[in-house]
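Visitor: File work-v6.cif below, mmCIF, C-alpha atoms and all ligand atoms:
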data_my_file
loop_
_atom_site.label_atom_id
_atom_site.label_comp_id
_atom_site.auth_asym_id
_atom_site.auth_seq_id
_atom_site.Cartn_x
_atom_site.Cartn_y
_atom_site.Cartn_z
CA MET N 133 -29.59 -2.13 -20.23
CA GLN N 134 -26.09 -3.06 -21.37
CA GLY N 135 -25.57 -5.45 -18.42
CA ALA N 136 -27.46 -8.06 -20.40
CA GLU N 137 -24.75 -8.22 -23.07
CA PRO N 138 -22.67 -11.39 -22.59
CA SER N 139 -19.46 -9.70 -23.76
CA TRP N 140 -19.72 -7.14 -20.95
CA GLN N 141 -20.59 -9.83 -18.40
CA GLU N 142 -17.45 -11.70 -19.43
CA TRP N 143 -15.37 -8.52 -19.28
CA ILE N 144 -16.64 -7.78 -15.76
CA ALA N 145 -16.09 -11.33 -14.52
CA SER N 146 -12.60 -11.69 -15.98
CA ASN N 147 -11.46 -8.28 -14.70
CA LEU N 148 -12.84 -8.90 -11.21
CA SER N 149 -11.17 -12.33 -11.14
CA ALA N 150 -7.88 -10.70 -12.15
CA GLY N 151 -8.13 -8.37 -9.14
CA CYS N 152 -9.12 -5.16 -10.96
CA ASP N 153 -10.55 -2.36 -8.89
CA PRO N 154 -14.35 -2.07 -9.40
CA ALA N 155 -14.04 1.72 -9.12
CA ASP N 156 -11.57 1.77 -12.05
CA MET N 157 -13.78 -0.63 -13.98
CA GLN N 158 -16.80 1.58 -13.41
CA GLY N 159 -14.85 4.53 -14.84
CA ARG N 160 -13.95 2.54 -17.93
CA MET N 161 -17.54 1.40 -18.41
CA ILE N 162 -18.80 4.99 -18.18
CA ALA N 163 -16.13 6.05 -20.70
CA ALA N 164 -17.50 3.31 -23.00
CA GLY N 165 -21.00 4.78 -22.81
CA TRP N 166 -22.60 3.19 -19.76
CA ASN N 167 -24.66 5.28 -17.41
CA GLU N 168 -23.45 5.21 -13.83
CA ALA N 169 -26.43 3.40 -12.26
CA ASP N 170 -26.32 0.58 -14.82
CA ALA N 171 -22.55 0.21 -14.48
CA ARG N 172 -22.82 0.04 -10.69
CA ALA N 173 -25.61 -2.56 -10.88
CA ALA N 174 -23.72 -4.70 -13.41
CA LEU N 175 -20.57 -4.58 -11.27
CA ALA N 176 -22.50 -5.48 -8.11
CA SER N 177 -23.99 -8.46 -9.89
CA GLY N 178 -20.55 -9.46 -11.23
CA ILE N 179 -19.02 -9.23 -7.73
CA GLY N 180 -21.80 -11.47 -6.41
CA GLN N 181 -21.03 -14.06 -9.09
CA VAL N 182 -17.23 -13.96 -8.90
CA PHE N 183 -17.12 -13.81 -5.09
CA PRO N 184 -20.14 -15.83 -3.96
CA GLY N 185 -21.10 -15.38 -0.32
CA LEU N 186 -19.79 -11.83 -0.28
CA THR N 187 -22.05 -8.82 -0.01
CA ALA N 188 -22.06 -7.62 -3.57
CA GLN N 189 -20.76 -4.18 -2.78
CA ALA N 190 -17.53 -2.44 -3.63
CA ILE N 191 -15.98 -0.86 -0.54
CA ALA N 192 -14.42 2.58 -0.27
CA LEU N 193 -10.62 2.49 -0.39
CA PRO N 194 -7.74 4.95 -0.24
CA VAL N 195 -6.84 6.51 -3.55
CA VAL N 196 -3.81 5.28 -5.45
CA PRO N 197 -3.09 8.66 -7.05
CA ASP N 198 -3.49 9.09 -10.77
CA MET N 199 -0.89 10.53 -13.13
CA GLY N 200 -0.03 14.16 -12.75
CA MET N 201 0.54 16.48 -9.88
CA ALA N 202 -1.04 16.44 -6.42
CA THR N 203 -0.64 19.38 -4.09
CA CYS N 204 -0.65 18.19 -0.47
CA ASP N 205 0.38 20.20 2.56
CA GLY N 206 1.53 22.98 0.22
CA ARG N 207 3.94 20.61 -1.55
CA ASP N 208 3.76 19.64 -5.22
CA ILE N 209 4.04 15.86 -5.49
CA LYS N 210 4.54 14.34 -8.94
CA VAL N 211 2.92 11.01 -9.82
CA ILE N 212 5.28 9.54 -12.40
CA MET N 213 4.00 5.99 -12.91
CA ARG N 214 0.85 4.02 -12.27
CA LEU N 215 0.04 0.33 -12.61
CA ALA N 216 -3.44 -1.23 -12.59
CA SER N 217 -2.71 -4.66 -11.08
CA PRO N 218 -1.43 -4.60 -8.46
CA ALA N 219 -2.61 -1.01 -8.00
CA VAL N 220 0.66 0.91 -7.66
CA ALA N 221 1.63 4.56 -8.04
CA MET N 222 5.13 6.02 -7.94
CA CYS N 223 5.42 9.53 -6.56
CA GLU N 224 8.38 11.89 -6.61
CA SER N 225 9.24 14.61 -4.17
CA VAL N 226 6.90 13.47 -1.40
CA LEU N 227 9.48 14.56 1.20
CA SER N 228 12.15 17.23 0.85
CA PRO N 229 15.84 16.36 1.38
CA ALA N 230 15.71 18.30 4.68
CA GLU N 231 12.70 16.26 5.87
CA CYS N 232 14.47 12.99 4.96
CA ALA N 233 17.56 14.11 6.88
CA GLU N 234 15.51 15.10 9.93
CA LEU N 235 13.75 11.73 10.00
CA LEU N 236 17.01 9.80 9.57
CA ALA N 237 18.55 11.63 12.50
CA TYR N 238 15.42 11.20 14.58
CA ALA N 239 15.21 7.43 13.90
CA HIS N 240 18.88 7.10 14.82
CA ASP N 241 18.28 8.90 18.14
CA ARG N 242 15.18 6.83 18.91
CA GLY N 243 17.19 3.62 18.32
CA LEU N 244 16.53 0.88 15.75
CA HIS N 245 15.66 -2.66 16.81
CA PRO N 246 15.54 -5.94 14.83
CA SER N 247 12.31 -6.05 12.83
CA THR N 248 9.55 -8.58 13.42
CA VAL N 249 6.87 -10.21 11.25
CA VAL N 250 3.31 -11.28 12.09
CA ASP N 251 3.20 -15.05 12.64
CA GLU N 252 0.44 -16.30 10.30
CA LEU N 253 -0.89 -18.79 12.86
CA SER N 254 -0.56 -17.08 16.23
CA GLY N 255 -0.74 -13.45 15.14
CA GLN N 256 2.25 -12.67 17.38
CA ASN N 257 5.03 -10.29 16.27
CA VAL N 258 8.15 -12.44 16.00
CA PRO N 259 11.72 -11.84 14.71
CA HIS N 260 12.32 -13.77 11.51
CA PRO N 261 15.03 -14.30 8.88
CA GLU N 262 12.40 -13.24 6.32
CA ARG N 263 12.93 -9.71 7.52
CA SER N 264 16.49 -8.88 8.53
CA SER N 265 16.15 -5.09 8.73
CA ALA N 266 16.14 -3.01 11.93
CA GLY N 267 13.38 -0.54 12.64
CA VAL N 268 11.47 1.75 14.92
CA MET N 269 7.71 2.25 15.23
CA LEU N 270 6.76 5.87 15.78
CA ALA N 271 3.68 7.00 17.67
CA ARG N 272 1.07 9.04 15.80
CA ALA N 273 2.09 12.70 15.68
CA GLU N 274 5.16 11.93 17.75
CA THR N 275 6.82 15.16 16.57
CA GLY N 276 5.60 18.16 14.61
CA LEU N 277 7.26 16.83 11.44
CA ILE N 278 5.78 13.35 11.89
CA ASP N 279 2.32 14.84 12.39
CA ARG N 280 2.70 16.90 9.22
CA LEU N 281 3.93 13.92 7.18
CA GLU N 282 1.06 11.70 8.31
CA ARG N 283 -1.35 14.42 7.22
CA ARG N 284 0.43 14.79 3.90
CA LEU N 285 0.27 11.05 3.15
CA ALA N 286 -3.38 10.88 4.26
CA ALA N 287 -4.18 13.80 1.91
CA LEU N 288 -2.24 12.21 -0.97
CA THR N 289 -4.36 9.06 -0.69
CA ASP N 290 -7.57 10.87 0.30
CA TRP N 291 -7.96 8.58 3.33
CA PRO N 292 -8.72 9.55 6.94
CA ILE N 293 -5.70 10.17 9.11
CA ALA N 294 -7.57 8.25 11.84
CA ASN N 295 -7.21 5.08 9.71
CA GLY N 296 -3.41 5.33 9.58
CA GLU N 297 -1.02 3.36 11.75
CA GLY N 298 1.98 5.16 13.21
CA LEU N 299 4.88 5.55 10.80
CA GLN N 300 7.56 2.90 10.82
CA ILE N 301 11.19 3.49 9.85
CA LEU N 302 13.25 0.54 8.57
CA ARG N 303 16.97 0.38 7.91
CA TYR N 304 18.58 -2.32 5.74
CA ARG N 305 22.34 -2.84 5.74
CA LYS N 306 24.33 -4.90 3.23
CA GLY N 307 22.64 -8.28 2.65
CA GLN N 308 19.52 -7.34 4.61
CA GLU N 309 16.14 -7.76 2.97
CA TYR N 310 12.42 -8.24 3.44
CA ARG N 311 11.47 -11.40 1.56
CA PRO N 312 8.23 -11.60 -0.48
CA HIS N 313 5.24 -10.95 1.78
CA PHE N 314 1.82 -9.35 2.02
CA ASP N 315 1.19 -6.29 4.17
CA SER N 316 -2.46 -7.34 4.56
CA PHE N 317 -3.23 -9.73 7.41
CA PRO N 318 -4.06 -13.37 6.71
CA ASP N 319 -7.61 -14.71 6.96
CA GLY N 320 -8.37 -16.68 10.10
CA ALA N 321 -7.36 -16.41 13.75
CA GLY N 322 -3.81 -15.10 13.14
CA GLY N 323 -5.14 -12.14 11.18
CA ALA N 324 -8.15 -11.51 13.40
CA VAL N 325 -5.87 -10.49 16.28
CA HIS N 326 -4.76 -7.58 14.12
CA THR N 327 -7.89 -6.72 12.17
CA ALA N 328 -9.93 -6.42 15.40
CA ARG N 329 -8.44 -2.93 15.64
CA GLY N 330 -8.92 -0.88 12.47
CA GLY N 331 -9.67 -3.76 10.09
CA GLN N 332 -7.49 -4.82 7.18
CA ARG N 333 -4.35 -2.98 6.02
CA VAL N 334 -5.77 -1.75 2.76
CA ASN N 335 -2.95 0.48 1.48
CA THR N 336 0.79 0.91 1.95
CA VAL N 337 2.71 4.14 1.40
CA LEU N 338 6.43 3.38 1.34
CA VAL N 339 8.67 6.46 1.38
CA TYR N 340 12.39 6.13 0.67
CA LEU N 341 14.54 8.21 3.03
CA GLN N 342 17.95 6.96 1.93
CA SER N 343 18.93 4.90 -1.11
CA PRO N 344 21.63 2.24 -1.08
CA GLU N 345 24.40 2.39 -3.67
CA ALA N 346 23.29 -0.97 -5.11
CA GLY N 347 20.38 -3.37 -4.61
CA GLY N 348 17.49 -2.78 -2.22
CA GLY N 349 14.69 -2.23 -4.77
CA THR N 350 11.08 -2.95 -3.87
CA ALA N 351 9.92 -5.81 -6.09
CA PHE N 352 6.38 -6.84 -7.09
CA PRO N 353 6.95 -10.33 -8.54
CA ALA N 354 3.37 -10.76 -9.80
CA CYS N 355 4.00 -8.10 -12.44
CA GLY N 356 7.80 -8.07 -12.66
CA LEU N 357 8.06 -4.50 -11.36
CA THR N 358 11.01 -3.31 -9.27
CA VAL N 359 10.92 0.18 -7.79
CA CYS N 360 14.35 1.78 -7.35
CA PRO N 361 14.64 3.70 -4.07
CA GLN N 362 15.14 7.46 -4.48
CA PRO N 363 15.24 9.63 -1.37
CA GLY N 364 11.99 11.55 -0.93
CA SER N 365 10.08 9.36 -3.43
CA ALA N 366 7.28 7.01 -2.48
CA VAL N 367 5.61 3.93 -3.86
CA ILE N 368 1.93 3.63 -2.96
CA PHE N 369 0.19 0.29 -3.37
CA ARG N 370 -3.14 -1.33 -2.61
CA ASN N 371 -3.05 -4.55 -0.57
CA VAL N 372 -6.65 -5.59 -1.14
CA ASP N 373 -8.99 -5.94 -4.07
CA GLY N 374 -12.09 -3.82 -4.58
CA THR N 375 -14.04 -6.02 -2.17
CA GLY N 376 -11.53 -5.64 0.66
CA ARG N 377 -9.91 -9.08 0.38
CA ARG N 378 -6.15 -9.66 0.12
CA ASP N 379 -4.99 -9.00 -3.44
CA PRO N 380 -2.57 -11.82 -4.39
CA ALA N 381 -0.84 -9.43 -6.82
CA SER N 382 0.16 -7.16 -3.89
CA LEU N 383 2.94 -9.60 -2.95
CA HIS N 384 6.17 -7.60 -2.66
CA ALA N 385 9.69 -7.73 -1.29
CA GLY N 386 12.51 -5.46 -0.20
CA LEU N 387 15.39 -6.93 -2.23
CA PRO N 388 18.76 -7.45 -0.51
CA VAL N 389 20.95 -4.39 -0.23
CA VAL N 390 24.17 -4.99 -2.16
CA HIS N 391 26.10 -1.82 -1.17
CA GLY N 392 25.35 0.95 1.27
CA GLU N 393 22.29 1.43 3.47
CA LYS N 394 18.65 1.74 2.59
CA VAL N 395 16.18 3.47 4.89
CA VAL N 396 12.42 3.52 4.27
CA MET N 397 9.40 4.88 6.08
CA THR N 398 6.25 2.77 5.91
CA TYR N 399 2.74 4.16 6.40
CA TRP N 400 0.01 1.52 6.58
CA GLN N 401 -3.60 2.53 6.12
CA ARG N 402 -6.42 0.52 7.66
CA ALA N 403 -9.96 0.01 6.39
CA GLY N 404 -11.36 1.77 9.46
CA PRO N 405 -10.25 3.98 12.35
CA TYR N 406 -7.15 2.64 14.09
CA ALA N 407 -7.95 4.05 17.49
O1 LIG Z 501 11.85 -2.14 2.03
C1 LIG Z 501 11.08 -2.35 1.11
O2 LIG Z 501 11.36 -2.06 -0.06
C2 LIG Z 501 9.76 -2.99 1.41
C3 LIG Z 501 9.26 -2.72 2.81
C4 LIG Z 501 7.98 -3.41 3.07
O3 LIG Z 501 7.50 -4.17 2.29
C5 LIG Z 501 7.23 -3.15 4.31
O4 LIG Z 501 7.70 -2.37 5.16
O5 LIG Z 501 6.15 -3.72 4.48
FE FE Z 502 5.55 -4.83 2.91
#
Show me, as structure tokens, the structure contained in the file I just sent.
Guide:
Amino acid sequence: MQGAEPSWQEWIASNLSAGCDPADMQGRMIAAGWNEADARAALASGIGQVFPGLTAQAIALPVVPDMGMATCDGRDIKVIMRLASPAVAMCESVLSPAECAELLAYAHDRGLHPSTVVDELSGQNVPHPERSSAGVMLARAETGLIDRLERRLAALTDWPIANGEGLQILRYRKGQEYRPHFDSFPDGAGGAVHTARGGQRVNTVLVYLQSPEAGGGTAFPACGLTVCPQPGSAVIFRNVDGTGRRDPASLHAGLPVVHGEKVVMTYWQRAGPYA
């Protein structure tokens, strides 16, 4: 069995430590000639060594789509860029211009309120200068369009719609931003308040509804990536590693808007049903 080879053990340990997805690693091992059972066993043993005390098992996670075209809800969505760590995919044409316009008008009618953040200690939602945008939380399937979009995003990531939170729409005006943060909840009591229902936020699908004239990119400082908002496009990213723990590389920020207004729609996906 190839698991005995020290070079592979080192490769597994260093990739797991760097936050690589065990499912991706398994694919690469199979491409290098491993059989699936041996690769799975070697990865399980590596996870046990790198993350002692954890059940040595990779968990199922939403898909960060691979390059190419995905057809969801009868719509052709193009995946134009993919990054391994943090796991990020950029998708074009997730929403049509008409769908973006309908959501913008709907959010305006519903009314936008100053955004809040989760206090790391208490778990309470509190307003904070870290996040100066205004937003509205939508109920699941609040309108026919919202229902259809939730289904589309669930299909794009191959993850149950029952595990999705309601969509959230955020508007940033000049100077407004969302400073570097994690979408996953912190360990400990503050996070437990939130993970009690649905578990960890494992994936984020961020759809741009309106782009500002300048500024307002979504930045991932761990890898130096900045995504430029384009209406109808989405950036999908994984907030946890292959074992379900917060991925430090998933740190991200909504950079300050310099000119114009930016509007995004956020879809957070939980590890389990968010009932
Ligand atoms: O506005 C952005 O670019 C980032 C938004 C974000 O990080 C969030 O809603 O959690
Ligand atoms: Fe975020």
Visitor: Residues contacting ligand LIG 501 (chain Z) - anything with an atom at most 9 Å away, using all atoms listed in the file - can you give me those as JSON, numbers by chain?
Guide: {"N": [265, 300, 301, 302, 303, 304, 309, 310, 311, 312, 313, 314, 315, 336, 338, 340, 348, 349, 350, 351, 359, 360, 361, 383, 384, 385, 386, 387, 394, 395, 396, 397, 398, 399, 400]}
Visitor: Considering all atoms listed in the file, state which residue in the set N:Val220, N:Gly200, N:Arg207, N:Val367 is at the smallest distance from Arg283 in chain N.
Guide: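 Smallest distance to Arg283 in chain N is found for N:Arg207.
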Visitor: Could you check the closest approach to Val196 in chain N for each of N:Asp208, N:Asp290, N:Asp170, N:Glu297 and tell me which residue wins, using all atoms listed in the file?
Guide: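 Of the candidates, the smallest distance to Val196 in chain N is held by N:Asp290.
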Visitor: Out of N:Pro363, N:Gly347, N:Pro353, N:Ser316, which residue has the shortest atom-to-atom distance to Ala230 in chain N when counting all atoms listed in the file?
Guide: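 The shortest atom-to-atom distance to Ala230 in chain N comes from N:Pro363.
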Visitor: Report, in Å with one decimal, the straight-line distance from CA of Ala354 in chain N to CA of Ser177 in chain N.
Guide: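 These atoms are spaced 27.5 Å apart.
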Visitor: To one decimal place, how far is CA of Arg378 in chain N from CA of Gly330 in chain N in Å?
Guide: 15.4 Å
Visitor: So how far away is CA of Asn295 in chain N from CA of Ala403 in chain N, in Å?
Guide: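 Rounded to one decimal, the two atoms are 6.7 Å apart.
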Visitor: Check the smallest atom-to-atom distance from each of N:Leu175, N:Leu227, N:Ala321, N:Val249 to Met161 in chain N using all atoms listed in the file, then report the winner.
Guide: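 Of the candidates, the smallest distance to Met161 in chain N is held by N:Leu175.
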Visitor: I need the residue nearest ligand FE 502 (chain Z) from this list: N:Gly392, N:Glu262, N:Gln256, N:Gly356. Use all atoms listed in the file for the distance.
Guide: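 Of the candidates, the smallest distance to ligand FE 502 (chain Z) is held by N:Glu262.
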Visitor: Using only C-alpha atoms, can you tell me which of N:Ala202, N:Ala219, N:Val195, N:Leu253 comes closest to Asp379 in chain N?
Guide: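 When distances to Asp379 in chain N are compared using only C-alpha atoms, the smallest one comes from N:Ala219.
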Visitor: Within 7 Å of (-11.6, -4.5, -4.9), in the coordinates the file gives, what residues turn up when you count all atoms listed in the file, written out as a list in words?
Guide: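 All residues meeting the 7 Å criterion around (-11.6, -4.5, -4.9) are Gly151, Cys152, Asp153, Pro154, Ala190, Val372, Asp373, Gly374, Thr375 and Gly376 of chain N.
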Visitor: Using the atoms already present, construct N, CA and C atoms for range 133-158 of chain N and hand them back as an mmCIF file, keeping the file's coordinate frame.
Guide:
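Ended up saving to out.cif:
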data_model
loop_
_atom_site.group_PDB
_atom_site.id
_atom_site.type_symbol
_atom_site.label_atom_id
_atom_site.label_comp_id
_atom_site.auth_asym_id
_atom_site.auth_seq_id
_atom_site.Cartn_x
_atom_site.Cartn_y
_atom_site.Cartn_z
ATOM 1 N N MET N 133 -30.766 -2.305 -21.080
ATOM 2 C CA MET N 133 -29.590 -2.130 -20.230
ATOM 3 C C MET N 133 -28.436 -2.970 -20.764
ATOM 4 N N GLN N 134 -27.229 -2.387 -20.766
ATOM 5 C CA GLN N 134 -26.090 -3.060 -21.370
ATOM 6 C C GLN N 134 -25.608 -4.263 -20.573
ATOM 7 N N GLY N 135 -26.011 -4.346 -19.269
ATOM 8 C CA GLY N 135 -25.570 -5.450 -18.420
ATOM 9 C C GLY N 135 -25.978 -6.798 -18.976
ATOM 10 N N ALA N 136 -26.986 -6.797 -19.836
ATOM 11 C CA ALA N 136 -27.460 -8.060 -20.400
ATOM 12 C C ALA N 136 -26.498 -8.599 -21.453
ATOM 13 N N GLU N 137 -25.640 -7.758 -21.992
ATOM 14 C CA GLU N 137 -24.750 -8.220 -23.070
ATOM 15 C C GLU N 137 -23.686 -9.168 -22.543
ATOM 16 N N PRO N 138 -23.628 -10.402 -23.113
ATOM 17 C CA PRO N 138 -22.670 -11.390 -22.590
ATOM 18 C C PRO N 138 -21.229 -10.904 -22.646
ATOM 19 N N SER N 139 -20.862 -10.114 -23.663
ATOM 20 C CA SER N 139 -19.460 -9.700 -23.760
ATOM 21 C C SER N 139 -19.085 -8.831 -22.562
ATOM 22 N N TRP N 140 -20.004 -7.973 -22.124
ATOM 23 C CA TRP N 140 -19.720 -7.140 -20.950
ATOM 24 C C TRP N 140 -19.689 -7.984 -19.684
ATOM 25 N N GLN N 141 -20.606 -8.957 -19.585
ATOM 26 C CA GLN N 141 -20.590 -9.830 -18.400
ATOM 27 C C GLN N 141 -19.251 -10.550 -18.295
ATOM 28 N N GLU N 142 -18.760 -11.009 -19.439
ATOM 29 C CA GLU N 142 -17.450 -11.700 -19.430
ATOM 30 C C GLU N 142 -16.342 -10.743 -19.043
ATOM 31 N N TRP N 143 -16.403 -9.523 -19.583
ATOM 32 C CA TRP N 143 -15.370 -8.520 -19.280
ATOM 33 C C TRP N 143 -15.359 -8.233 -17.774
ATOM 34 N N ILE N 144 -16.554 -8.079 -17.199
ATOM 35 C CA ILE N 144 -16.640 -7.780 -15.760
ATOM 36 C C ILE N 144 -16.086 -8.951 -14.953
ATOM 37 N N ALA N 145 -16.526 -10.163 -15.298
ATOM 38 C CA ALA N 145 -16.090 -11.330 -14.520
ATOM 39 C C ALA N 145 -14.584 -11.531 -14.633
ATOM 40 N N SER N 146 -14.034 -11.396 -15.846
ATOM 41 C CA SER N 146 -12.600 -11.690 -15.980
ATOM 42 C C SER N 146 -11.776 -10.605 -15.307
ATOM 43 N N ASN N 147 -12.218 -9.353 -15.366
ATOM 44 C CA ASN N 147 -11.460 -8.280 -14.700
ATOM 45 C C ASN N 147 -11.544 -8.394 -13.187
ATOM 46 N N LEU N 148 -12.716 -8.735 -12.676
ATOM 47 C CA LEU N 148 -12.840 -8.900 -11.210
ATOM 48 C C LEU N 148 -11.966 -10.067 -10.751
ATOM 49 N N SER N 149 -11.973 -11.157 -11.515
ATOM 50 C CA SER N 149 -11.170 -12.330 -11.140
ATOM 51 C C SER N 149 -9.686 -11.986 -11.156
ATOM 52 N N ALA N 150 -9.305 -11.076 -12.047
ATOM 53 C CA ALA N 150 -7.880 -10.700 -12.150
ATOM 54 C C ALA N 150 -7.502 -9.672 -11.082
ATOM 55 N N GLY N 151 -8.464 -9.287 -10.239
ATOM 56 C CA GLY N 151 -8.130 -8.370 -9.140
ATOM 57 C C GLY N 151 -8.271 -6.899 -9.488
ATOM 58 N N CYS N 152 -8.973 -6.586 -10.597
ATOM 59 C CA CYS N 152 -9.120 -5.160 -10.960
ATOM 60 C C CYS N 152 -10.025 -4.455 -9.954
ATOM 61 N N ASP N 153 -9.806 -3.186 -9.828
ATOM 62 C CA ASP N 153 -10.550 -2.360 -8.890
ATOM 63 C C ASP N 153 -11.914 -2.010 -9.502
ATOM 64 N N PRO N 154 -13.027 -2.391 -8.841
ATOM 65 C CA PRO N 154 -14.350 -2.070 -9.400
ATOM 66 C C PRO N 154 -14.534 -0.584 -9.695
ATOM 67 N N ALA N 155 -13.893 0.276 -8.880
ATOM 68 C CA ALA N 155 -14.040 1.720 -9.120
ATOM 69 C C ALA N 155 -13.401 2.098 -10.464
ATOM 70 N N ASP N 156 -12.212 1.513 -10.749
ATOM 71 C CA ASP N 156 -11.570 1.770 -12.050
ATOM 72 C C ASP N 156 -12.419 1.208 -13.178
ATOM 73 N N MET N 157 -12.965 0.006 -12.943
ATOM 74 C CA MET N 157 -13.780 -0.630 -13.980
ATOM 75 C C MET N 157 -15.014 0.212 -14.287
ATOM 76 N N GLN N 158 -15.613 0.754 -13.216
ATOM 77 C CA GLN N 158 -16.800 1.580 -13.410
ATOM 78 C C GLN N 158 -16.453 2.794 -14.293
#
